[in-house]
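This report refers to the structure that appears directly beneath it.
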Amino acid sequence: MAVATEAPDTRVVHGFHGKDAPDFDLIRQCVHCGFCLPSCPTYRITGRERSSPRGRIWLMKSVAEGRLDLLDPLFEEEMTLCLNCRACEAVCPSGVHYGAIVEASRAQIVQHRPQRFKERLFRFVGFQVLLRNMTRFRLANRMLRLYQRSPLRSLVRRSGILRLLGLEHAESLMPTISQHFVVPTGQFYPAQGERRGRVALFTGCVMSTAYAHVHEATIRVLTRNGFDVVLAPGQGCCGALHVHSGEPETGRILARQNIDALESPYFDAIIVNAAGCGAMLKEYPQLLRADHRYAERAQRFASKVRDAIEFLVERGLSVSPGPLPWRVTLQEPCHLAHAQRITQQPRQLLGAIPGLQLIEMAESSLCCGSAGIYNLLRPQMASALLDRKLRNALATGADVIVSANPGCMLQLEAGLRERGAEVPVLHLLEVLDRAYGAEQQASAATA
């Protein structure tokens, strides 16, 4: 008996089409100098020219000029193998906005290629049902928290059903859901000491549930330094996962929602403590450039967005942190170092903590393999990059690995668990918060 299968797509699609097509002027901006090659994680692993930014731009140019089919499997393979870490942008002498054209190329693939059932289901449940609605997202996280804290988890793991369903790797990467969530309902946290301004904290999705403790630490650090903190209602997911995965229209919906929620003359800044979210919020003007109602508003909004690390260095610490006798190493998130070009500020904040020793790891800004949901979709490449990252991190002998992005932290924590290495991964704001706790303890002891 013949088994019915999905017929392969045989359409021929030459050129890019529609409003989300890559900008051909940006594609032509590349002079193929090759400076990007050493910075590209996939090129470093594979050694293949086509798996470099220069190689992928050549493929884009071939599609744009009609010499390569948009639905050619090789084109899709290379657009999705890219981590979009944007390390190439940081070293490009021509200033090519690579992230914009690779995201647009992915959107073209999603729009023109028939999606497989599993892909449609994943995109519908993940991107539409959950990440577009924070009430549903938090309900799903409460159910996940119940699963994690019940005997069911051990039973499921022992049963082998995860391996049967192909979910064993995904389950191992799941974050530990916080006991309490940070739900923005207009809460106001007053500044301590001399008031220096008022900021809004962007709560996001995963940060508000799996890393709620980082939000709490961020609020304590900001108020300790003289800033009122507001959790404005109505905000949601930043849209980065949608845009990076070829669904810019949903990203635009979420961008408008966040602008409506956080746009206020009463906020001196919009503070973000997740590097990927911060990069996305700063790029709302590019995402909404064709929206006559939101284009200017997006520009004003983005001008106020600051990573918490960036903001604290810009404004300066009004209160000195206490001592922490730790040896730490810094894992630089791609979207902090490459997309936002925030590299020295983390080191400046760590350097402000007495007794803390920063031991630089090799290749600290090379991608760890997380890249949003890349570690789920491309586990082999993600694992190769994670192995490289953890070898470099553990070689420092540091007591703590410091990062500033939830995806990176999840990836590192999962890898350390697998290796049985008991090295904690902390957000830089957590480290600073603990230093302030040490300062308060010292003040109380001498009072």
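Simple scheme: letters A, B, ... for chains in structure tokens order, numbers from 1 for residues in each chain, numbers from 1 for ligands in the order shown.
Within 6 Å of region 333-342 of chain A there are Cys85, Arg86, Ala87, Ala90, Ala275 and Gly276 of chain A, counting only C-alpha atoms and ignoring same-chain residues fewer than 6 positions away.
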Write to file, as a CSV table (one decimal), in the first residue's frame, the residues of the selection just made, with N, CA and C atoms.
```csv
chain,number,residue,atom,x,y,z
A,85,CYS,N,23.7,36.3,14.4
A,85,CYS,CA,24.4,36.9,15.6
A,85,CYS,C,24.9,38.3,15.3
A,86,ARG,N,25.1,38.6,14.0
A,86,ARG,CA,25.5,39.9,13.6
A,86,ARG,C,26.9,40.3,13.9
A,87,ALA,N,27.7,39.3,14.2
A,87,ALA,CA,29.2,39.6,14.4
A,87,ALA,C,29.8,40.2,13.2
A,90,ALA,N,29.7,44.0,13.0
A,90,ALA,CA,30.6,44.7,13.8
A,90,ALA,C,32.0,44.9,13.2
A,275,ALA,N,19.3,41.3,26.2
A,275,ALA,CA,20.0,41.8,25.0
A,275,ALA,C,19.3,41.7,23.7
A,276,GLY,N,18.7,40.5,23.5
A,276,GLY,CA,17.9,40.3,22.3
A,276,GLY,C,16.7,41.2,22.2
```
Would you mind listing what lies within 9 Å of Ser51 (chain A) as a ChimeraX atom specification, with only C-alpha atoms counted and same-chain residues fewer than 4 positions away left out?
/A:40,42-43,46-47,55-56,78-79,81-82
Shell around Val214 (chain A) at 10 Å using only C-alpha atoms, local window under 6 positions removed, as a compact mmCIF listing (two decimals) with N, CA and C atoms, in the first residue's frame:
```txt
# COMPACT_ATOMS: atom_id res chain seq x y z
N VAL A 182 6.71 38.40 37.10
CA VAL A 182 6.66 39.86 37.09
C VAL A 182 5.64 40.26 36.02
N MET A 207 11.65 36.61 30.22
CA MET A 207 12.26 37.29 31.37
C MET A 207 11.26 37.46 32.51
N SER A 208 9.98 37.60 32.19
CA SER A 208 8.98 37.84 33.24
C SER A 208 8.54 36.57 33.94
N ARG A 220 15.73 46.65 41.96
CA ARG A 220 16.47 47.05 43.18
C ARG A 220 17.69 47.90 42.83
N ASN A 273 16.65 44.48 30.09
CA ASN A 273 17.76 43.69 30.64
C ASN A 273 17.97 42.38 29.88
N ALA A 274 17.34 42.26 28.71
CA ALA A 274 17.56 41.12 27.81
C ALA A 274 18.13 41.65 26.51
N ALA A 404 24.06 38.42 29.98
CA ALA A 404 23.07 39.49 30.03
C ALA A 404 21.93 39.24 29.05
N PRO A 406 18.63 36.13 28.34
CA PRO A 406 18.05 34.87 28.82
C PRO A 406 18.38 33.67 27.96
N LEU A 426 25.00 33.85 36.09
CA LEU A 426 24.24 34.97 36.64
C LEU A 426 24.18 36.12 35.64
N HIS A 427 23.05 36.80 35.66
CA HIS A 427 22.93 38.03 34.88
C HIS A 427 23.77 39.10 35.56
N LEU A 428 24.35 40.00 34.79
CA LEU A 428 25.22 41.03 35.36
C LEU A 428 24.47 41.89 36.38
N LEU A 429 23.17 42.12 36.15
CA LEU A 429 22.39 42.90 37.13
C LEU A 429 22.21 42.15 38.44
N GLU A 430 22.18 40.81 38.38
CA GLU A 430 22.15 40.02 39.61
C GLU A 430 23.45 40.19 40.39
N VAL A 431 24.56 40.19 39.67
CA VAL A 431 25.86 40.37 40.34
C VAL A 431 25.91 41.73 41.02
N ASP A 433 23.39 43.54 41.97
CA ASP A 433 22.42 43.53 43.07
C ASP A 433 23.02 42.87 44.31
```
Using DSSP on the backbone coordinates, identify the residues of region 85-322 of chain A assigned to strand (DSSP E); present them as a ChimeraX atom specification.
/A:187-189,197-201,227-231,269-272,305-307
Extract the full set of helix (DSSP H, G or I) residues from region 265-382 of chain A according to DSSP on the backbone, and format it as a ChimeraX atom specification.
/A:275-282,284-287,295-304,308-315,334-337,344-351,374-377,379-382
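Considering only C-alpha atoms, the residue among A:Arg434, A:Arg388, A:Arg252, A:His292 positioned nearest to Leu350 (chain A) is A:Arg434.
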Between CA of Gln411 (chain A) and CA of Cys277 (chain A), what is the distance, to one decimal in Å?
16.7 Å
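If only C-alpha atoms are the atoms counted, then among A:Glu89, A:Glu194, A:Asp387, A:Glu119 the closest residue to Arg54 (chain A) is A:Glu89.
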Would you mind listing what lies within 10 Å of Ala212 (chain A) as a list of chain:residue names, with only C-alpha atoms counted and same-chain residues fewer than 3 positions away left out?
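Returned residues: A:Ile177, A:Ser178, A:Gln179, A:His180, A:Phe181, A:Val182, A:Val183, A:Thr203, A:Cys205, A:Val206, A:Met207, A:Ser208, A:Thr209, A:His215, A:Glu216, A:Ala217, A:Thr218.
Interatomic distance, CA of Phe301 (chain A) to CA of Glu332 (chain A): 25.4 Å.
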Give the answer as one residue: which of A:Leu241, A:Leu164, A:Val110, A:Ile45 has the shortest atom-to-atom distance to Asp20 (chain A), using only C-alpha atoms?
A:Val110
Near-Ala232 (chain A) list (8 Å; only C-alpha atoms; drop same-chain fewer than 2 positions) as a list in words:
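Neighbouring residues, sequence-local ones excluded: Pro184, Thr185, Gly186, Gln187, Ala200, Leu201, Val230, Gly234, Gln235, Ala261 and Leu262 of chain A.
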Would you output that residue set with N, CA and C atoms, as a short mmCIF file (atom, residue, chain, number, x, y, z; two decimals), in the first residue's frame?
```cif
data_model
loop_
_atom_site.label_atom_id
_atom_site.label_comp_id
_atom_site.auth_asym_id
_atom_site.auth_seq_id
_atom_site.Cartn_x
_atom_site.Cartn_y
_atom_site.Cartn_z
N PRO A 184 3.35 43.17 34.49
CA PRO A 184 3.25 44.64 34.51
C PRO A 184 1.79 45.12 34.60
N THR A 185 1.46 45.70 35.72
CA THR A 185 0.09 46.22 35.93
C THR A 185 0.13 47.66 36.42
N GLY A 186 1.22 48.37 36.11
CA GLY A 186 1.33 49.76 36.53
C GLY A 186 2.03 49.95 37.85
N GLN A 187 2.74 48.92 38.34
CA GLN A 187 3.44 49.04 39.62
C GLN A 187 4.47 50.17 39.57
N ALA A 200 10.85 53.25 32.65
CA ALA A 200 9.95 52.11 32.47
C ALA A 200 10.79 50.87 32.26
N LEU A 201 10.41 49.77 32.89
CA LEU A 201 11.12 48.51 32.68
C LEU A 201 10.35 47.66 31.70
N VAL A 230 8.79 52.02 36.76
CA VAL A 230 7.38 51.76 36.49
C VAL A 230 7.26 50.53 35.61
N GLY A 234 0.09 46.60 29.55
CA GLY A 234 -0.17 46.54 28.12
C GLY A 234 1.00 46.12 27.27
N GLN A 235 2.19 46.06 27.83
CA GLN A 235 3.36 45.63 27.06
C GLN A 235 3.39 44.12 26.92
N ALA A 261 2.08 51.01 24.77
CA ALA A 261 2.15 50.80 26.22
C ALA A 261 3.24 51.63 26.89
N LEU A 262 4.36 51.82 26.21
CA LEU A 262 5.55 52.39 26.86
C LEU A 262 5.89 53.81 26.42
#
```
For Lys389 (chain A), which residue out of A:Met361, A:Ala308, A:Ala279, A:Leu356 is the nearest one, using only C-alpha atoms?
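Using only C-alpha atoms, the shortest distance to Lys389 (chain A) belongs to A:Met361.
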Between A:Ala398, A:Ala393, A:Leu416, A:Leu385, which residue has the minimum interatomic distance to Cys367 (chain A), considering only C-alpha atoms?
A:Leu385
Distance query Leu390 (chain A) at most 9 Å, only C-alpha atoms, self and fewer than 4 positions along chain excluded, as a PyMOL selection string
chain A and resi 368+385-386+394-395+412+415-416
All residues 9 Å or closer to Tyr98 (chain A), only C-alpha atoms, same chain fewer than 3 positions away omitted, as an NGL selection string:
:A and (26-27 or 53 or 57 or 84 or 86 or 88-89 or 95 or 101-103)
Print the selection's residues with C-alpha atoms to a file, as a PDB file, in the first residue's frame.
```pdb
ATOM      1  CA  LEU A  26      21.987  46.743   1.001  1.00  0.00           C
ATOM      2  CA  ILE A  27      22.877  43.498  -0.766  1.00  0.00           C
ATOM      3  CA  PRO A  53      28.055  36.244   5.486  1.00  0.00           C
ATOM      4  CA  ILE A  57      24.988  37.644   0.440  1.00  0.00           C
ATOM      5  CA  ASN A  84      21.918  36.046  12.818  1.00  0.00           C
ATOM      6  CA  ARG A  86      25.508  39.916  13.560  1.00  0.00           C
ATOM      7  CA  CYS A  88      29.816  40.298  10.768  1.00  0.00           C
ATOM      8  CA  GLU A  89      28.193  43.735  11.105  1.00  0.00           C
ATOM      9  CA  GLY A  95      28.615  48.915   7.007  1.00  0.00           C
ATOM     10  CA  ILE A 101      18.688  41.331   4.736  1.00  0.00           C
ATOM     11  CA  VAL A 102      18.940  37.843   6.216  1.00  0.00           C
ATOM     12  CA  GLU A 103      15.685  38.384   8.158  1.00  0.00           C
TER      13      GLU A 103
END
```
Using only C-alpha atoms: which of A:Ala191, A:Cys92, A:Val199, A:Leu165 has the shortest distance to Tyr266 (chain A)
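When distances to Tyr266 (chain A) are compared using only C-alpha atoms, the smallest one comes from A:Val199.
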Rounded to one decimal place, report the CA of Leu281 (chain A)-CA of Ala302 (chain A) distance in Å.
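Separation of CA of Leu281 (chain A) and CA of Ala302 (chain A): 6.2 Å.
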